[in-house]
file upload-v4.cif (mmCIF, C-alpha atoms)
data_input
loop_
_atom_site.group_PDB
_atom_site.id
_atom_site.type_symbol
_atom_site.label_atom_id
_atom_site.label_comp_id
_atom_site.auth_asym_id
_atom_site.auth_seq_id
_atom_site.Cartn_x
_atom_site.Cartn_y
_atom_site.Cartn_z
ATOM 1 C CA MET A 1 0.000 0.000 0.000
ATOM 2 C CA SER A 2 1.425 3.363 -0.930
ATOM 3 C CA TYR A 3 1.477 6.505 1.168
ATOM 4 C CA HIS A 4 -1.031 8.015 -1.272
ATOM 5 C CA ASP A 5 -3.502 5.164 -0.622
ATOM 6 C CA VAL A 6 -3.493 5.831 3.127
ATOM 7 C CA GLU A 7 -3.578 9.600 2.668
ATOM 8 C CA SER A 8 -6.611 9.453 0.387
ATOM 9 C CA HIS A 9 -8.836 8.203 3.217
ATOM 10 C CA SER A 10 -10.335 11.168 5.003
ATOM 11 C CA SER A 11 -11.352 9.873 8.419
ATOM 12 C CA LEU A 12 -9.144 8.402 11.120
ATOM 13 C CA SER A 13 -11.348 5.319 11.472
ATOM 14 C CA GLU A 14 -10.872 4.619 7.757
ATOM 15 C CA GLN A 15 -7.104 5.031 8.149
ATOM 16 C CA GLU A 16 -7.089 2.621 11.045
ATOM 17 C CA HIS A 17 -9.019 0.090 8.951
ATOM 18 C CA VAL A 18 -6.604 0.415 6.008
ATOM 19 C CA LEU A 19 -3.357 0.292 8.012
ATOM 20 C CA LYS A 20 -1.750 -3.108 8.535
ATOM 21 C CA GLY A 21 1.022 -4.487 10.754
ATOM 22 C CA PRO A 22 3.642 -2.004 12.009
ATOM 23 C CA ALA A 23 1.788 0.970 10.526
ATOM 24 C CA LYS A 24 -1.333 0.047 12.508
ATOM 25 C CA GLN A 25 0.723 -0.391 15.692
ATOM 26 C CA GLY A 26 2.255 3.057 15.170
ATOM 27 C CA TYR A 27 -1.203 4.533 14.713
ATOM 28 C CA ALA A 28 -2.419 2.850 17.920
ATOM 29 C CA LYS A 29 0.568 4.218 19.855
ATOM 30 C CA GLU A 30 -0.079 7.704 18.472
ATOM 31 C CA ALA A 31 -3.764 7.514 19.421
ATOM 32 C CA SER A 32 -2.931 6.315 22.936
ATOM 33 C CA ALA A 33 -0.379 9.124 23.287
ATOM 34 C CA ARG A 34 -3.178 11.625 22.622
ATOM 35 C CA LEU A 35 -5.408 10.130 25.329
ATOM 36 C CA PRO A 36 -3.679 11.957 28.229
ATOM 37 C CA LEU A 37 -4.160 15.217 26.320
ATOM 38 C CA LYS A 38 -7.897 14.551 26.076
ATOM 39 C CA TRP A 39 -8.038 13.803 29.799
ATOM 40 C CA GLY A 40 -6.061 16.996 30.384
ATOM 41 C CA ALA A 41 -8.696 18.927 28.456
ATOM 42 C CA VAL A 42 -11.484 17.344 30.554
ATOM 43 C CA PHE A 43 -9.814 18.281 33.839
ATOM 44 C CA ALA A 44 -8.866 21.773 32.630
ATOM 45 C CA ALA A 45 -12.541 22.269 31.700
ATOM 46 C CA GLN A 46 -13.571 21.107 35.179
ATOM 47 C CA ALA A 47 -11.131 23.594 36.742
ATOM 48 C CA PHE A 48 -12.639 26.319 34.536
ATOM 49 C CA ILE A 49 -16.137 25.350 35.690
ATOM 50 C CA SER A 50 -14.967 25.446 39.312
ATOM 51 C CA VAL A 51 -13.671 29.008 38.983
ATOM 52 C CA ALA A 52 -16.749 30.189 37.086
ATOM 53 C CA ALA A 53 -19.138 28.496 39.520
ATOM 54 C CA GLY A 54 -17.226 29.825 42.538
ATOM 55 C CA ALA A 55 -17.375 33.374 41.200
ATOM 56 C CA PHE A 56 -21.051 32.992 40.324
ATOM 57 C CA GLY A 57 -21.795 31.728 43.819
ATOM 58 C CA ALA A 58 -19.845 34.522 45.496
ATOM 59 C CA HIS A 59 -21.380 37.316 43.443
ATOM 60 C CA ALA A 60 -24.774 36.250 42.106
ATOM 61 C CA LEU A 61 -26.089 33.695 44.548
ATOM 62 C CA THR A 62 -25.372 35.336 47.910
ATOM 63 C CA SER A 63 -28.646 37.234 47.880
ATOM 64 C CA ILE A 64 -30.647 34.321 46.457
ATOM 65 C CA LEU A 65 -29.561 31.205 48.345
ATOM 66 C CA GLU A 66 -29.751 30.410 52.026
ATOM 67 C CA LEU A 67 -26.509 30.160 53.969
ATOM 68 C CA LYS A 68 -26.626 26.342 54.013
ATOM 69 C CA ALA A 69 -27.068 26.181 50.226
ATOM 70 C CA LEU A 70 -24.207 28.643 49.738
ATOM 71 C CA GLY A 71 -22.058 26.332 51.862
ATOM 72 C CA TRP A 72 -22.901 23.426 49.544
ATOM 73 C CA TRP A 73 -22.047 25.591 46.538
ATOM 74 C CA HIS A 74 -18.716 26.601 48.072
ATOM 75 C CA THR A 75 -17.835 22.993 48.990
ATOM 76 C CA ALA A 76 -18.707 21.836 45.472
ATOM 77 C CA SER A 77 -16.461 24.488 43.913
ATOM 78 C CA GLN A 78 -13.574 23.635 46.252
ATOM 79 C CA TYR A 79 -13.704 19.893 45.706
ATOM 80 C CA LEU A 80 -14.213 20.292 41.973
ATOM 81 C CA MET A 81 -11.037 22.391 41.788
ATOM 82 C CA TYR A 82 -9.009 20.113 44.077
ATOM 83 C CA HIS A 83 -9.824 17.068 42.018
ATOM 84 C CA ALA A 84 -9.546 18.809 38.647
ATOM 85 C CA LEU A 85 -6.004 19.785 39.643
ATOM 86 C CA ALA A 86 -5.373 16.240 40.871
ATOM 87 C CA GLY A 87 -6.532 14.952 37.482
ATOM 88 C CA LEU A 88 -4.124 17.304 35.722
ATOM 89 C CA VAL A 89 -1.279 16.071 37.935
ATOM 90 C CA VAL A 90 -2.150 12.440 37.186
ATOM 91 C CA VAL A 91 -2.272 13.232 33.456
ATOM 92 C CA THR A 92 1.180 14.809 33.740
ATOM 93 C CA LEU A 93 2.523 11.781 35.616
ATOM 94 C CA SER A 94 0.889 9.254 33.293
ATOM 95 C CA THR A 95 4.134 8.757 31.384
ATOM 96 C CA TYR A 96 5.840 7.635 34.605
ATOM 97 C CA LEU A 97 3.079 5.546 36.147
ATOM 98 C CA THR A 98 1.939 2.174 34.864
ATOM 99 C CA SER A 99 -1.834 2.694 34.741
ATOM 100 C CA THR A 100 -3.739 5.916 35.252
ATOM 101 C CA LYS A 101 -6.913 5.391 33.203
ATOM 102 C CA ASN A 102 -9.031 4.165 36.144
ATOM 103 C CA ILE A 103 -7.696 6.917 38.412
ATOM 104 C CA LEU A 104 -8.632 9.597 35.892
ATOM 105 C CA LEU A 105 -12.044 8.045 35.300
ATOM 106 C CA LEU A 106 -12.781 7.880 39.036
ATOM 107 C CA LEU A 107 -11.684 11.485 39.594
ATOM 108 C CA CYS A 108 -13.900 12.634 36.742
ATOM 109 C CA ILE A 109 -16.921 10.627 37.921
ATOM 110 C CA GLY A 110 -16.268 11.792 41.469
ATOM 111 C CA ASN A 111 -16.359 15.409 40.306
ATOM 112 C CA ILE A 112 -19.623 14.864 38.496
ATOM 113 C CA LEU A 113 -21.300 13.035 41.386
ATOM 114 C CA PHE A 114 -19.876 14.998 44.319
ATOM 115 C CA ALA A 115 -19.735 18.563 43.023
ATOM 116 C CA GLY A 116 -22.638 18.074 40.630
ATOM 117 C CA SER A 117 -25.000 16.840 43.314
ATOM 118 C CA LEU A 118 -24.047 19.693 45.653
ATOM 119 C CA TYR A 119 -24.548 22.314 42.917
ATOM 120 C CA VAL A 120 -27.980 20.906 42.066
ATOM 121 C CA MET A 121 -28.909 20.645 45.776
ATOM 122 C CA ALA A 122 -27.917 24.273 46.314
ATOM 123 C CA LEU A 123 -29.971 25.497 43.373
ATOM 124 C CA THR A 124 -33.046 23.314 43.822
ATOM 125 C CA GLY A 125 -33.129 22.567 47.542
ATOM 126 C CA CYS A 126 -33.654 18.888 46.677
ATOM 127 C CA ILE A 127 -31.777 17.356 49.590
ATOM 128 C CA LEU A 128 -32.531 13.836 48.335
ATOM 129 C CA LEU A 129 -29.522 14.306 46.080
ATOM 130 C CA GLY A 130 -27.473 14.173 49.258
ATOM 131 C CA VAL A 131 -27.396 10.391 48.811
ATOM 132 C CA VAL A 132 -25.406 10.846 45.581
ATOM 133 C CA THR A 133 -22.740 13.094 47.108
ATOM 134 C CA PRO A 134 -21.018 10.338 49.138
ATOM 135 C CA LEU A 135 -20.785 8.188 46.000
ATOM 136 C CA GLY A 136 -18.677 10.946 44.469
ATOM 137 C CA GLY A 137 -16.597 11.047 47.631
ATOM 138 C CA LEU A 138 -16.134 7.278 47.399
ATOM 139 C CA CYS A 139 -14.903 7.682 43.814
ATOM 140 C CA TYR A 140 -12.398 10.248 45.091
ATOM 141 C CA LEU A 141 -11.180 7.906 47.824
ATOM 142 C CA ILE A 142 -10.787 4.965 45.462
ATOM 143 C CA ALA A 143 -8.918 7.159 42.962
ATOM 144 C CA TRP A 144 -6.537 8.399 45.670
ATOM 145 C CA GLY A 145 -6.039 4.814 46.887
ATOM 146 C CA LEU A 146 -5.256 3.627 43.360
ATOM 147 C CA LEU A 147 -2.806 6.494 42.980
ATOM 148 C CA VAL A 148 -1.042 5.439 46.193
ATOM 149 C CA LEU A 149 -0.827 1.845 44.907
ATOM 150 C CA ASN A 150 0.365 3.023 41.514
ATOM 151 C CA PHE A 151 3.158 5.108 43.031
ATOM 152 C CA TRP A 152 4.119 2.262 45.369
ATOM 153 C CA ARG A 153 4.263 -0.324 42.588
ATOM 154 C CA SER A 154 6.079 2.030 40.222
ATOM 155 C CA SER A 155 8.690 2.818 42.867
ATOM 156 C CA HIS A 156 9.451 -0.890 43.252
ATOM 157 C CA GLN A 157 9.641 -1.506 39.499
ATOM 158 C CA LYS A 158 12.089 1.343 38.863
ATOM 159 C CA THR A 159 14.661 0.265 41.490
#
call {"tool": "encode", "arguments": {"input": "upload-v4.cif", "output": "structure tokens"}}
result
Amino acid sequence: MSYHDVESHSSLSEQEHVLKGPAKQGYAKEASARLPLKWGAVFAAQAFISVAAGAFGAHALTSILELKALGWWHTASQYLMYHALAGLVVVTLSTYLTSTKNILLLLCIGNILFAGSLYVMALTGCILLGVVTPLGGLCYLIAWGLLVLNFWRSSHQKT
């Protein structure tokens, strides 16, 4: 197959289908190398949301929400930022650690469940969502535990 044959296919999925052997392996490595960048974009977006939501809460919601709801909003913004930054650190370290996919997934799900449920509770007053918040916290704890294990295992493999 010539270079022109591969180049003539417009979509990446078509290229993947056409590539054989070493060329396909190179494509797979290139695609997996881009994965941390996509995760980085997800966590950078979550950090952006945290700043925007925190500012919105501090300036627009203080006269609308009760003190308890503002506390939920503040906690959601804090934890969203903490774990967005943690996700960015894990993305940065992913070249040194053996497996970070599950850690990143758990941090992302944790942000959605923990911060998301608190934001919705603050805005709607629906305290039933309080049962979802600990599930996000559990995702955080598992992610941190996996990160500890990953560091521990990686430190023993490198020596």
call {"tool": "closest_residue", "arguments": {"input": "upload-v4.cif", "among": "A:Leu104, A:Leu141, A:Met121, A:Val132", "to": "Gly71 in chain A", "atoms": "all atoms listed in the file"}}
result
A:Met121
call {"tool": "atom_distance", "arguments": {"input": "upload-v4.cif", "atom1": "CA of Pro36 in chain A", "atom2": "CA of Tyr119 in chain A"}}
result
27.5 Å
call {"tool": "closest_residue", "arguments": {"input": "upload-v4.cif", "among": "A:Ala53, A:Leu107, A:Leu128, A:Ile64", "to": "Val89 in chain A", "atoms": "only C-alpha atoms"}}
result
A:Leu107
call {"tool": "resolve_selection", "arguments": {"input": "upload-v4.cif", "expression": "the PyMOL selection byres ((chain A and resi 73-83) around 7)", "output": "MDAnalysis selection string"}}
result
chainID A and resid 46:47 50 53:54 57 69:72 84:87 107 111 115 118:119 122
call {"tool": "axis_aligned_box", "arguments": {"input": "upload-v4.cif", "around": "range 93-103 of chain A", "padding_each_side": "5 Å", "output": "lines of an AutoDock Vina configuration file"}}
result
center_x = -1.6
center_y = 7.0
center_z = 34.9
size_x = 24.9
size_y = 19.6
size_z = 17.0
call {"tool": "atom_distance", "arguments": {"input": "upload-v4.cif", "atom1": "CA of Thr98 in chain A", "atom2": "CA of Gly110 in chain A"}}
result
21.6 Å
call {"tool": "closest_residue", "arguments": {"input": "upload-v4.cif", "among": "A:Leu135, A:Leu67, A:Leu106, A:Val42", "to": "Leu147 in chain A", "atoms": "only C-alpha atoms"}}
result
A:Leu106
call {"tool": "resolve_selection", "arguments": {"input": "upload-v4.cif", "expression": "the PyMOL selection byres ((chain A and resi 146) around 12)", "output": "mmCIF file with C-alpha atoms, in the frame of the given file"}}
result
data_model
loop_
_atom_site.group_PDB
_atom_site.id
_atom_site.type_symbol
_atom_site.label_atom_id
_atom_site.label_comp_id
_atom_site.auth_asym_id
_atom_site.auth_seq_id
_atom_site.Cartn_x
_atom_site.Cartn_y
_atom_site.Cartn_z
ATOM 1 C CA VAL A 90 -2.150 12.440 37.186
ATOM 2 C CA LEU A 97 3.079 5.546 36.147
ATOM 3 C CA THR A 98 1.939 2.174 34.864
ATOM 4 C CA SER A 99 -1.834 2.694 34.741
ATOM 5 C CA THR A 100 -3.739 5.916 35.252
ATOM 6 C CA LYS A 101 -6.913 5.391 33.203
ATOM 7 C CA ASN A 102 -9.031 4.165 36.144
ATOM 8 C CA ILE A 103 -7.696 6.917 38.412
ATOM 9 C CA LEU A 104 -8.632 9.597 35.892
ATOM 10 C CA LEU A 105 -12.044 8.045 35.300
ATOM 11 C CA LEU A 106 -12.781 7.880 39.036
ATOM 12 C CA LEU A 107 -11.684 11.485 39.594
ATOM 13 C CA CYS A 139 -14.903 7.682 43.814
ATOM 14 C CA TYR A 140 -12.398 10.248 45.091
ATOM 15 C CA LEU A 141 -11.180 7.906 47.824
ATOM 16 C CA ILE A 142 -10.787 4.965 45.462
ATOM 17 C CA ALA A 143 -8.918 7.159 42.962
ATOM 18 C CA TRP A 144 -6.537 8.399 45.670
ATOM 19 C CA GLY A 145 -6.039 4.814 46.887
ATOM 20 C CA LEU A 147 -2.806 6.494 42.980
ATOM 21 C CA VAL A 148 -1.042 5.439 46.193
ATOM 22 C CA LEU A 149 -0.827 1.845 44.907
ATOM 23 C CA ASN A 150 0.365 3.023 41.514
ATOM 24 C CA PHE A 151 3.158 5.108 43.031
ATOM 25 C CA TRP A 152 4.119 2.262 45.369
ATOM 26 C CA ARG A 153 4.263 -0.324 42.588
ATOM 27 C CA SER A 154 6.079 2.030 40.222
#
call {"tool": "closest_residue", "arguments": {"input": "upload-v4.cif", "among": "A:Ile109, A:Phe48, A:Leu123, A:Val91", "to": "Leu65 in chain A", "atoms": "only C-alpha atoms"}}
result
A:Leu123
call {"tool": "atom_distance", "arguments": {"input": "upload-v4.cif", "atom1": "CA of Gly130 in chain A", "atom2": "CA of Trp39 in chain A"}}
result
27.5 Å
call {"tool": "residues_around", "arguments": {"input": "upload-v4.cif", "residues": "Thr133 in chain A", "least_positions_apart": "3", "cutoff": "6 Å", "atoms": "only C-alpha atoms", "output": "list in words"}}
result
Leu113, Phe114, Ser117, Gly130 and Gly136 of chain A
call {"tool": "write_last_selection", "arguments": {"input": "upload-v4.cif", "atoms": "C-alpha atoms", "output": "PDB file, in the coordinates of the input"}}
result
ATOM      1  CA  LEU A 113     -21.300  13.035  41.386  1.00  0.00           C
ATOM      2  CA  PHE A 114     -19.876  14.998  44.319  1.00  0.00           C
ATOM      3  CA  SER A 117     -25.000  16.840  43.314  1.00  0.00           C
ATOM      4  CA  GLY A 130     -27.473  14.173  49.258  1.00  0.00           C
ATOM      5  CA  GLY A 136     -18.677  10.946  44.469  1.00  0.00           C
TER       6      GLY A 136
END
call {"tool": "closest_residue", "arguments": {"input": "upload-v4.cif", "among": "A:Cys126, A:Leu88, A:Val120, A:Ala55", "to": "Lys38 in chain A", "atoms": "only C-alpha atoms"}}
result
A:Leu88
call {"tool": "build_atoms", "arguments": {"input": "upload-v4.cif", "residues": "range 141-159 of chain A", "atoms": "N, CA and C atoms", "output": "PDB file, in the coordinates of the input"}}
result
ATOM      1  N   LEU A 141     -12.007   8.735  46.947  1.00  0.00           N
ATOM      2  CA  LEU A 141     -11.180   7.906  47.824  1.00  0.00           C
ATOM      3  C   LEU A 141     -10.556   6.731  47.073  1.00  0.00           C
ATOM      4  N   ILE A 142     -11.331   6.084  46.233  1.00  0.00           N
ATOM      5  CA  ILE A 142     -10.787   4.965  45.462  1.00  0.00           C
ATOM      6  C   ILE A 142      -9.690   5.459  44.514  1.00  0.00           C
ATOM      7  N   ALA A 143      -9.930   6.599  43.866  1.00  0.00           N
ATOM      8  CA  ALA A 143      -8.918   7.159  42.962  1.00  0.00           C
ATOM      9  C   ALA A 143      -7.622   7.461  43.714  1.00  0.00           C
ATOM     10  N   TRP A 144      -7.735   8.097  44.881  1.00  0.00           N
ATOM     11  CA  TRP A 144      -6.537   8.399  45.670  1.00  0.00           C
ATOM     12  C   TRP A 144      -5.849   7.110  46.111  1.00  0.00           C
ATOM     13  N   GLY A 145      -6.624   6.101  46.504  1.00  0.00           N
ATOM     14  CA  GLY A 145      -6.039   4.814  46.887  1.00  0.00           C
ATOM     15  C   GLY A 145      -5.312   4.151  45.734  1.00  0.00           C
ATOM     16  N   LEU A 146      -5.916   4.180  44.542  1.00  0.00           N
ATOM     17  CA  LEU A 146      -5.256   3.627  43.360  1.00  0.00           C
ATOM     18  C   LEU A 146      -3.979   4.395  43.021  1.00  0.00           C
ATOM     19  N   LEU A 147      -4.005   5.697  43.237  1.00  0.00           N
ATOM     20  CA  LEU A 147      -2.806   6.494  42.980  1.00  0.00           C
ATOM     21  C   LEU A 147      -1.688   6.104  43.943  1.00  0.00           C
ATOM     22  N   VAL A 148      -2.037   5.896  45.213  1.00  0.00           N
ATOM     23  CA  VAL A 148      -1.042   5.439  46.193  1.00  0.00           C
ATOM     24  C   VAL A 148      -0.449   4.107  45.736  1.00  0.00           C
ATOM     25  N   LEU A 149      -1.307   3.145  45.370  1.00  0.00           N
ATOM     26  CA  LEU A 149      -0.827   1.845  44.907  1.00  0.00           C
ATOM     27  C   LEU A 149       0.040   1.969  43.662  1.00  0.00           C
ATOM     28  N   ASN A 150      -0.380   2.833  42.757  1.00  0.00           N
ATOM     29  CA  ASN A 150       0.365   3.023  41.514  1.00  0.00           C
ATOM     30  C   ASN A 150       1.761   3.572  41.796  1.00  0.00           C
ATOM     31  N   PHE A 151       1.848   4.578  42.657  1.00  0.00           N
ATOM     32  CA  PHE A 151       3.158   5.108  43.031  1.00  0.00           C
ATOM     33  C   PHE A 151       4.006   4.031  43.703  1.00  0.00           C
ATOM     34  N   TRP A 152       3.386   3.293  44.620  1.00  0.00           N
ATOM     35  CA  TRP A 152       4.119   2.262  45.369  1.00  0.00           C
ATOM     36  C   TRP A 152       4.680   1.208  44.419  1.00  0.00           C
ATOM     37  N   ARG A 153       3.828   0.707  43.543  1.00  0.00           N
ATOM     38  CA  ARG A 153       4.263  -0.324  42.588  1.00  0.00           C
ATOM     39  C   ARG A 153       5.318   0.218  41.633  1.00  0.00           C
ATOM     40  N   SER A 154       5.113   1.437  41.143  1.00  0.00           N
ATOM     41  CA  SER A 154       6.079   2.030  40.222  1.00  0.00           C
ATOM     42  C   SER A 154       7.423   2.250  40.889  1.00  0.00           C
ATOM     43  N   SER A 155       7.416   2.599  42.168  1.00  0.00           N
ATOM     44  CA  SER A 155       8.690   2.818  42.867  1.00  0.00           C
ATOM     45  C   SER A 155       9.461   1.513  43.011  1.00  0.00           C
ATOM     46  N   HIS A 156       8.763   0.401  43.135  1.00  0.00           N
ATOM     47  CA  HIS A 156       9.451  -0.890  43.252  1.00  0.00           C
ATOM     48  C   HIS A 156       9.918  -1.404  41.898  1.00  0.00           C
ATOM     49  N   GLN A 157       9.245  -1.059  40.848  1.00  0.00           N
ATOM     50  CA  GLN A 157       9.641  -1.506  39.499  1.00  0.00           C
ATOM     51  C   GLN A 157      10.845  -0.746  38.988  1.00  0.00           C
ATOM     52  N   LYS A 158      11.004   0.500  39.375  1.00  0.00           N
ATOM     53  CA  LYS A 158      12.089   1.343  38.863  1.00  0.00           C
ATOM     54  C   LYS A 158      13.425   1.069  39.536  1.00  0.00           C
ATOM     55  N   THR A 159      13.405   0.458  40.748  1.00  0.00           N
ATOM     56  CA  THR A 159      14.661   0.265  41.490  1.00  0.00           C
ATOM     57  C   THR A 159      15.291  -1.065  41.217  1.00  0.00           C
TER      58      THR A 159
END
